[in-house]
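Next comes structure-v6.cif, with mmCIF, C-alpha atoms and all ligand atoms; chains and numbers go by the auth columns.
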data_final
loop_
_atom_site.group_PDB
_atom_site.id
_atom_site.type_symbol
_atom_site.label_atom_id
_atom_site.label_comp_id
_atom_site.label_asym_id
_atom_site.label_seq_id
_atom_site.Cartn_x
_atom_site.Cartn_y
_atom_site.Cartn_z
_atom_site.B_iso_or_equiv
_atom_site.auth_seq_id
_atom_site.auth_asym_id
ATOM 1 C CA MET A 1 14.530 31.286 11.749 0.00 1 A
ATOM 2 C CA ALA A 2 14.493 28.212 9.552 0.00 2 A
ATOM 3 C CA LYS A 3 11.072 26.688 8.989 0.00 3 A
ATOM 4 C CA LYS A 4 10.637 23.366 10.736 0.00 4 A
ATOM 5 C CA SER A 5 9.969 20.542 8.275 0.00 5 A
ATOM 6 C CA LYS A 6 6.849 18.510 8.933 0.00 6 A
ATOM 7 C CA LYS A 7 8.443 15.471 7.285 0.00 7 A
ATOM 8 C CA THR A 8 9.084 12.447 9.456 0.00 8 A
ATOM 9 C CA ALA A 9 12.524 10.852 9.628 0.00 9 A
ATOM 10 C CA ARG A 10 11.111 7.923 7.637 0.00 10 A
ATOM 11 C CA GLU A 11 10.034 10.163 4.768 0.00 11 A
ATOM 12 C CA ASP A 12 13.427 11.846 4.724 0.00 12 A
ATOM 13 C CA ALA A 13 15.165 8.508 4.311 0.00 13 A
ATOM 14 C CA ARG A 14 14.408 8.379 0.598 0.00 14 A
ATOM 15 C CA PRO A 15 16.313 5.644 -1.214 0.00 15 A
ATOM 16 C CA THR A 16 19.115 6.889 -3.446 0.00 16 A
ATOM 17 C CA VAL A 17 19.173 3.844 -5.710 0.00 17 A
ATOM 18 C CA SER A 18 17.473 4.521 -9.039 0.00 18 A
ATOM 19 C CA LYS A 19 14.962 2.277 -10.776 0.00 19 A
ATOM 20 C CA ALA A 20 17.524 1.559 -13.491 0.00 20 A
ATOM 21 C CA ALA A 21 20.213 0.651 -10.942 0.00 21 A
ATOM 22 C CA LEU A 22 17.824 -1.689 -9.130 0.00 22 A
ATOM 23 C CA ILE A 23 16.983 -3.392 -12.430 0.00 23 A
ATOM 24 C CA ARG A 24 20.707 -3.781 -13.152 0.00 24 A
ATOM 25 C CA ALA A 25 21.185 -5.375 -9.709 0.00 25 A
ATOM 26 C CA ALA A 26 18.378 -7.842 -10.486 0.00 26 A
ATOM 27 C CA ALA A 27 19.948 -8.610 -13.885 0.00 27 A
ATOM 28 C CA LEU A 28 23.266 -9.368 -12.218 0.00 28 A
ATOM 29 C CA ALA A 29 21.575 -11.528 -9.563 0.00 29 A
ATOM 30 C CA ARG A 30 19.805 -13.450 -12.333 0.00 30 A
ATOM 31 C CA LYS A 31 23.191 -14.864 -13.332 0.00 31 A
ATOM 32 C CA SER A 32 23.292 -16.708 -9.995 0.00 32 A
ATOM 33 C CA ALA A 33 20.018 -18.543 -10.618 0.00 33 A
ATOM 34 C CA VAL A 34 20.106 -22.310 -10.153 0.00 34 A
ATOM 35 C CA ALA A 35 17.479 -23.412 -12.647 0.00 35 A
ATOM 36 C CA PRO A 36 18.669 -26.644 -14.293 0.00 36 A
ATOM 37 C CA TYR A 37 15.102 -27.876 -14.906 0.00 37 A
ATOM 38 C CA SER A 38 13.239 -24.927 -16.378 0.00 38 A
ATOM 39 C CA LYS A 39 16.356 -23.038 -17.532 0.00 39 A
ATOM 40 C CA PHE A 40 14.282 -19.933 -16.795 0.00 40 A
ATOM 41 C CA LEU A 41 16.642 -17.682 -14.872 0.00 41 A
ATOM 42 C CA VAL A 42 15.138 -14.942 -12.726 0.00 42 A
ATOM 43 C CA GLY A 43 16.864 -12.265 -10.666 0.00 43 A
ATOM 44 C CA ALA A 44 15.308 -10.022 -8.046 0.00 44 A
ATOM 45 C CA ALA A 45 16.595 -7.002 -6.158 0.00 45 A
ATOM 46 C CA LEU A 46 14.856 -5.502 -3.148 0.00 46 A
ATOM 47 C CA LEU A 47 15.507 -1.934 -2.122 0.00 47 A
ATOM 48 C CA THR A 48 15.087 -1.053 1.543 0.00 48 A
ATOM 49 C CA ARG A 49 14.011 2.422 2.611 0.00 49 A
ATOM 50 C CA ARG A 50 17.507 2.854 4.046 0.00 50 A
ATOM 51 C CA GLY A 51 18.858 2.422 0.524 0.00 51 A
ATOM 52 C CA GLN A 52 20.206 -1.097 0.880 0.00 52 A
ATOM 53 C CA VAL A 53 19.888 -3.529 -2.036 0.00 53 A
ATOM 54 C CA ILE A 54 19.320 -7.228 -1.327 0.00 54 A
ATOM 55 C CA THR A 55 19.276 -9.620 -4.254 0.00 55 A
ATOM 56 C CA GLY A 56 18.039 -13.131 -4.941 0.00 56 A
ATOM 57 C CA ALA A 57 17.704 -15.612 -7.785 0.00 57 A
ATOM 58 C CA ASN A 58 15.492 -18.647 -8.303 0.00 58 A
ATOM 59 C CA VAL A 59 16.644 -22.027 -7.004 0.00 59 A
ATOM 60 C CA GLU A 60 15.051 -25.199 -8.368 0.00 60 A
ATOM 61 C CA SER A 61 14.804 -28.729 -6.990 0.00 61 A
ATOM 62 C CA ALA A 62 14.536 -32.126 -8.683 0.00 62 A
ATOM 63 C CA SER A 63 11.319 -32.257 -6.680 0.00 63 A
ATOM 64 C CA TYR A 64 9.964 -29.363 -8.737 0.00 64 A
ATOM 65 C CA GLY A 65 7.492 -28.048 -6.190 0.00 65 A
ATOM 66 C CA LEU A 66 10.305 -27.156 -3.816 0.00 66 A
ATOM 67 C CA THR A 67 11.554 -24.487 -6.193 0.00 67 A
ATOM 68 C CA CYS A 68 11.896 -21.038 -4.709 0.00 68 A
ATOM 69 C CA CYS A 69 11.394 -17.941 -6.837 0.00 69 A
ATOM 70 C CA ALA A 70 13.956 -15.150 -7.052 0.00 70 A
ATOM 71 C CA GLU A 71 11.626 -12.680 -5.303 0.00 71 A
ATOM 72 C CA ARG A 72 11.155 -14.952 -2.299 0.00 72 A
ATOM 73 C CA VAL A 73 14.864 -15.734 -2.042 0.00 73 A
ATOM 74 C CA ALA A 74 15.557 -11.978 -1.936 0.00 74 A
ATOM 75 C CA LEU A 75 12.730 -11.349 0.517 0.00 75 A
ATOM 76 C CA PHE A 76 13.775 -14.168 2.868 0.00 76 A
ATOM 77 C CA LYS A 77 17.380 -12.976 2.793 0.00 77 A
ATOM 78 C CA ALA A 78 16.301 -9.432 3.596 0.00 78 A
ATOM 79 C CA LEU A 79 13.837 -10.377 6.331 0.00 79 A
ATOM 80 C CA THR A 80 16.286 -12.694 8.066 0.00 80 A
ATOM 81 C CA ASN A 81 18.814 -9.878 7.912 0.00 81 A
ATOM 82 C CA GLY A 82 16.440 -7.751 9.955 0.00 82 A
ATOM 83 C CA GLU A 83 15.164 -5.582 7.091 0.00 83 A
ATOM 84 C CA LYS A 84 11.488 -4.668 7.400 0.00 84 A
ATOM 85 C CA ASP A 85 10.872 -1.620 5.281 0.00 85 A
ATOM 86 C CA PHE A 86 10.953 -1.971 1.518 0.00 86 A
ATOM 87 C CA ALA A 87 10.644 0.752 -1.106 0.00 87 A
ATOM 88 C CA ALA A 88 10.882 -1.319 -4.268 0.00 88 A
ATOM 89 C CA VAL A 89 11.598 -4.655 -5.855 0.00 89 A
ATOM 90 C CA ALA A 90 12.997 -5.274 -9.337 0.00 90 A
ATOM 91 C CA VAL A 91 12.575 -8.526 -11.247 0.00 91 A
ATOM 92 C CA VAL A 92 14.511 -9.471 -14.378 0.00 92 A
ATOM 93 C CA ALA A 93 13.906 -12.522 -16.587 0.00 93 A
ATOM 94 C CA LYS A 94 14.230 -13.435 -20.248 0.00 94 A
ATOM 95 C CA ALA A 95 10.619 -12.732 -21.054 0.00 95 A
ATOM 96 C CA ARG A 96 9.069 -10.183 -23.368 0.00 96 A
ATOM 97 C CA GLY A 97 8.140 -7.150 -21.282 0.00 97 A
ATOM 98 C CA GLY A 98 9.636 -8.821 -18.199 0.00 98 A
ATOM 99 C CA ALA A 99 7.952 -11.296 -15.857 0.00 99 A
ATOM 100 C CA THR A 100 5.710 -10.110 -13.050 0.00 100 A
ATOM 101 C CA PRO A 101 5.939 -11.980 -9.702 0.00 101 A
ATOM 102 C CA CYS A 102 3.987 -15.230 -9.427 0.00 102 A
ATOM 103 C CA GLY A 103 0.971 -15.524 -7.132 0.00 103 A
ATOM 104 C CA ALA A 104 2.929 -16.967 -4.210 0.00 104 A
ATOM 105 C CA CYS A 105 5.473 -14.140 -4.369 0.00 105 A
ATOM 106 C CA ARG A 106 2.684 -11.577 -4.607 0.00 106 A
ATOM 107 C CA GLN A 107 1.253 -12.906 -1.351 0.00 107 A
ATOM 108 C CA LEU A 108 4.619 -12.629 0.413 0.00 108 A
ATOM 109 C CA LEU A 109 5.197 -9.154 -1.018 0.00 109 A
ATOM 110 C CA ALA A 110 1.714 -8.091 0.123 0.00 110 A
ATOM 111 C CA GLU A 111 2.594 -9.230 3.652 0.00 111 A
ATOM 112 C CA TYR A 112 6.134 -7.918 3.948 0.00 112 A
ATOM 113 C CA ALA A 113 6.547 -5.224 1.303 0.00 113 A
ATOM 114 C CA PRO A 114 3.022 -3.863 0.771 0.00 114 A
ATOM 115 C CA LYS A 115 4.156 -0.371 -0.232 0.00 115 A
ATOM 116 C CA ALA A 116 6.965 -1.486 -2.548 0.00 116 A
ATOM 117 C CA ARG A 117 6.979 -0.442 -6.190 0.00 117 A
ATOM 118 C CA VAL A 118 7.507 -3.420 -8.484 0.00 118 A
ATOM 119 C CA PHE A 119 9.774 -2.954 -11.521 0.00 119 A
ATOM 120 C CA VAL A 120 10.112 -5.635 -14.171 0.00 120 A
ATOM 121 C CA ALA A 121 12.301 -5.867 -17.252 0.00 121 A
ATOM 122 C CA ASP A 122 13.437 -8.282 -19.922 0.00 122 A
ATOM 123 C CA CYS A 123 17.150 -9.063 -19.526 0.00 123 A
ATOM 124 C CA ARG A 124 17.619 -8.194 -23.217 0.00 124 A
ATOM 125 C CA LYS A 125 16.019 -4.746 -22.817 0.00 125 A
ATOM 126 C CA LEU A 126 16.922 -3.516 -19.351 0.00 126 A
ATOM 127 C CA LYS A 127 15.979 0.063 -20.186 0.00 127 A
ATOM 128 C CA VAL A 128 12.354 -0.848 -20.817 0.00 128 A
ATOM 129 C CA ILE A 129 10.942 -1.028 -17.310 0.00 129 A
ATOM 130 C CA ARG A 130 7.314 -1.773 -16.479 0.00 130 A
ATOM 131 C CA GLU A 131 6.101 -0.608 -13.102 0.00 131 A
ATOM 132 C CA PHE A 132 3.408 -1.969 -10.771 0.00 132 A
ATOM 133 C CA THR A 133 2.272 -1.721 -7.182 0.00 133 A
ATOM 134 C CA VAL A 134 1.982 -4.739 -4.908 0.00 134 A
ATOM 135 C CA ALA A 135 -1.673 -3.906 -4.174 0.00 135 A
ATOM 136 C CA GLY A 136 -2.331 -3.639 -7.898 0.00 136 A
ATOM 137 C CA LEU A 137 -0.798 -7.070 -8.490 0.00 137 A
ATOM 138 C CA LEU A 138 -2.701 -8.698 -5.626 0.00 138 A
ATOM 139 C CA PRO A 139 -5.846 -6.839 -4.681 0.00 139 A
ATOM 140 C CA GLY A 140 -7.531 -8.115 -1.532 0.00 140 A
ATOM 141 C CA ALA A 141 -4.487 -10.063 -0.344 0.00 141 A
ATOM 142 C CA PHE A 142 -5.061 -12.537 2.476 0.00 142 A
ATOM 143 C CA ARG A 143 -4.165 -11.275 5.962 0.00 143 A
ATOM 144 C CA SER A 144 -4.429 -13.281 9.158 0.00 144 A
ATOM 145 C CA LEU A 145 -3.080 -10.706 11.633 0.00 145 A
ATOM 146 C CA ASP A 146 -4.454 -7.258 12.626 0.00 146 A
HETATM 147 N N1 LIG B . 10.141 -17.886 -11.086 0.00 201 A
HETATM 148 C C1 LIG B . 10.653 -16.865 -10.328 0.00 201 A
HETATM 149 O O1 LIG B . 11.812 -16.922 -9.882 0.00 201 A
HETATM 150 N N2 LIG B . 9.853 -15.798 -10.088 0.00 201 A
HETATM 151 C C2 LIG B . 8.567 -15.682 -10.515 0.00 201 A
HETATM 152 O O2 LIG B . 7.886 -14.721 -10.170 0.00 201 A
HETATM 153 C C3 LIG B . 7.997 -16.688 -11.404 0.00 201 A
HETATM 154 C C4 LIG B . 8.810 -17.896 -11.636 0.00 201 A
HETATM 155 C C5 LIG B . 10.981 -19.057 -11.340 0.00 201 A
HETATM 156 C C6 LIG B . 10.534 -20.320 -10.674 0.00 201 A
HETATM 157 C C7 LIG B . 11.127 -21.369 -11.570 0.00 201 A
HETATM 158 O O3 LIG B . 12.447 -21.647 -11.155 0.00 201 A
HETATM 159 C C8 LIG B . 11.182 -20.721 -12.934 0.00 201 A
HETATM 160 O O4 LIG B . 11.005 -19.335 -12.713 0.00 201 A
HETATM 161 C C9 LIG B . 10.137 -21.211 -13.889 0.00 201 A
HETATM 162 O O5 LIG B . 8.876 -21.099 -13.360 0.00 201 A
#

Please express the file's structure as structure tokens.
Amino acid sequence: MAKKSKKTAREDARPTVSKAALIRAAALARKSAVAPYSKFLVGAALLTRRGQVITGANVESASYGLTCCAERVALFKALTNGEKDFAAVAVVAKARGGATPCGACRQLLAEYAPKARVFVADCRKLKVIREFTVAGLLPGAFRSLD
């Protein structure tokens, strides 16, 4: 008789999208950035545990403070699409070593994607990927619920 696996259905649903593929999705999304003020284009790609990829890019405003980062655009798209379970997020910018998410994005990631791996890369060197955890990027994140 076949041994019964102790794994839960959630653990079995391992994403099939590789780190490199997620970075490539973020690099492609970066091309959709609307950043006429800073000219700093950023792309993000979120990977759900079901294996779906949801991308975003930064959008700037003439009223600079209204700017929304690529990570938050991707996260808001995903959340409003009903996605709740995230395995990873990739961020691509033209920055040496890649750009890690800003403080505001870290807070949102800590709330909605606390277990996600964070991959970052420079758009000129997509094969060099640095990896972080959300908790590592924002230890002691603020939480109001529980
Ligand atoms: N930006 C992002 O999209 N993600 C980050 O994590 C940091 C910064 C954007 C915001 C703005 O449009 C431009 O990069 C320069 O700060």

Using all atoms listed in the file, what table do you get, as a tab-separated table, when you list each residue of stretch 13-70 of chain A with an atom no more than 8 Å from stretch 117-123 of chain A, its nearest pair of atoms, and their distance in Å rounded to one decimal, rows by chain then rising number?
residue	atom	partner	partner_atom	distance
A:Lys19	CA	A:Phe119	CA	7.4
A:Ile23	CA	A:Ala121	CA	7.2
A:Ala27	CA	A:Cys123	CA	6.3

Residues in the PyMOL selection byres (((not hetatm)) within 8 of (chain A and resi 201)), expressed as a PDB file with C-alpha atoms, in the coordinates of the input:
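New file expr_34.pdb:
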ATOM      1  CA  VAL A  34      20.106 -22.310 -10.153  1.00  0.00           C
ATOM      2  CA  ALA A  35      17.479 -23.412 -12.647  1.00  0.00           C
ATOM      3  CA  TYR A  37      15.102 -27.876 -14.906  1.00  0.00           C
ATOM      4  CA  SER A  38      13.239 -24.927 -16.378  1.00  0.00           C
ATOM      5  CA  LYS A  39      16.356 -23.038 -17.532  1.00  0.00           C
ATOM      6  CA  PHE A  40      14.282 -19.933 -16.795  1.00  0.00           C
ATOM      7  CA  LEU A  41      16.642 -17.682 -14.872  1.00  0.00           C
ATOM      8  CA  VAL A  42      15.138 -14.942 -12.726  1.00  0.00           C
ATOM      9  CA  GLY A  43      16.864 -12.265 -10.666  1.00  0.00           C
ATOM     10  CA  ALA A  44      15.308 -10.022  -8.046  1.00  0.00           C
ATOM     11  CA  ALA A  57      17.704 -15.612  -7.785  1.00  0.00           C
ATOM     12  CA  ASN A  58      15.492 -18.647  -8.303  1.00  0.00           C
ATOM     13  CA  VAL A  59      16.644 -22.027  -7.004  1.00  0.00           C
ATOM     14  CA  GLU A  60      15.051 -25.199  -8.368  1.00  0.00           C
ATOM     15  CA  THR A  67      11.554 -24.487  -6.193  1.00  0.00           C
ATOM     16  CA  CYS A  68      11.896 -21.038  -4.709  1.00  0.00           C
ATOM     17  CA  CYS A  69      11.394 -17.941  -6.837  1.00  0.00           C
ATOM     18  CA  ALA A  70      13.956 -15.150  -7.052  1.00  0.00           C
ATOM     19  CA  GLU A  71      11.626 -12.680  -5.303  1.00  0.00           C
ATOM     20  CA  ARG A  72      11.155 -14.952  -2.299  1.00  0.00           C
ATOM     21  CA  VAL A  91      12.575  -8.526 -11.247  1.00  0.00           C
ATOM     22  CA  ALA A  99       7.952 -11.296 -15.857  1.00  0.00           C
ATOM     23  CA  THR A 100       5.710 -10.110 -13.050  1.00  0.00           C
ATOM     24  CA  PRO A 101       5.939 -11.980  -9.702  1.00  0.00           C
ATOM     25  CA  CYS A 102       3.987 -15.230  -9.427  1.00  0.00           C
ATOM     26  CA  GLY A 103       0.971 -15.524  -7.132  1.00  0.00           C
ATOM     27  CA  CYS A 105       5.473 -14.140  -4.369  1.00  0.00           C
TER      28      CYS A 105
END

* To do: Given the file shown, determine the residues that the PyMOL selection byres (((chain A and resi 47) around 7) and not hetatm) selects; report them as a count of residues only.
  => 12

* To do: Give the answer as one residue: which of A:Ala21, A:Ala33, A:Ile129, A:Leu138 has the shortest atom-to-atom distance to A:Arg106, using all atoms listed in the file?
  => A:Leu138

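What the PyMOL selection byres (((chain A and resi 107) around 12) and not hetatm) picks from this file is A:Glu71, A:Arg72, A:Leu75, A:Pro101, A:Cys102, A:Gly103, A:Ala104, A:Cys105, A:Arg106, A:Leu108, A:Leu109, A:Ala110, A:Glu111, A:Tyr112, A:Ala113, A:Pro114, A:Val134, A:Ala135, A:Gly136, A:Leu137, A:Leu138, A:Pro139, A:Gly140, A:Ala141, A:Phe142, A:Arg143, A:Ser144.
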
* To do: Work out how far atom CA of A:Lys94 is from atom CA of A:Ala116, in Å to one decimal.
  =>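 Computing the Euclidean distance for atom CA of A:Ala116 and atom CA of A:Lys94 yields 22.6 Å.
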
* Any idea what the distance is between atom CA of A:Ser32 and atom CA of A:Ala90? ->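 Calculated distance between atom CA of A:Ser32 and atom CA of A:Ala90 is 15.4 Å.
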
* To do: Could you please determine the separation between atom CA of A:Ala20 and atom CA of A:Glu131 in Å, to one decimal place?
  =>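 Between these atoms lies a distance of 11.6 Å.
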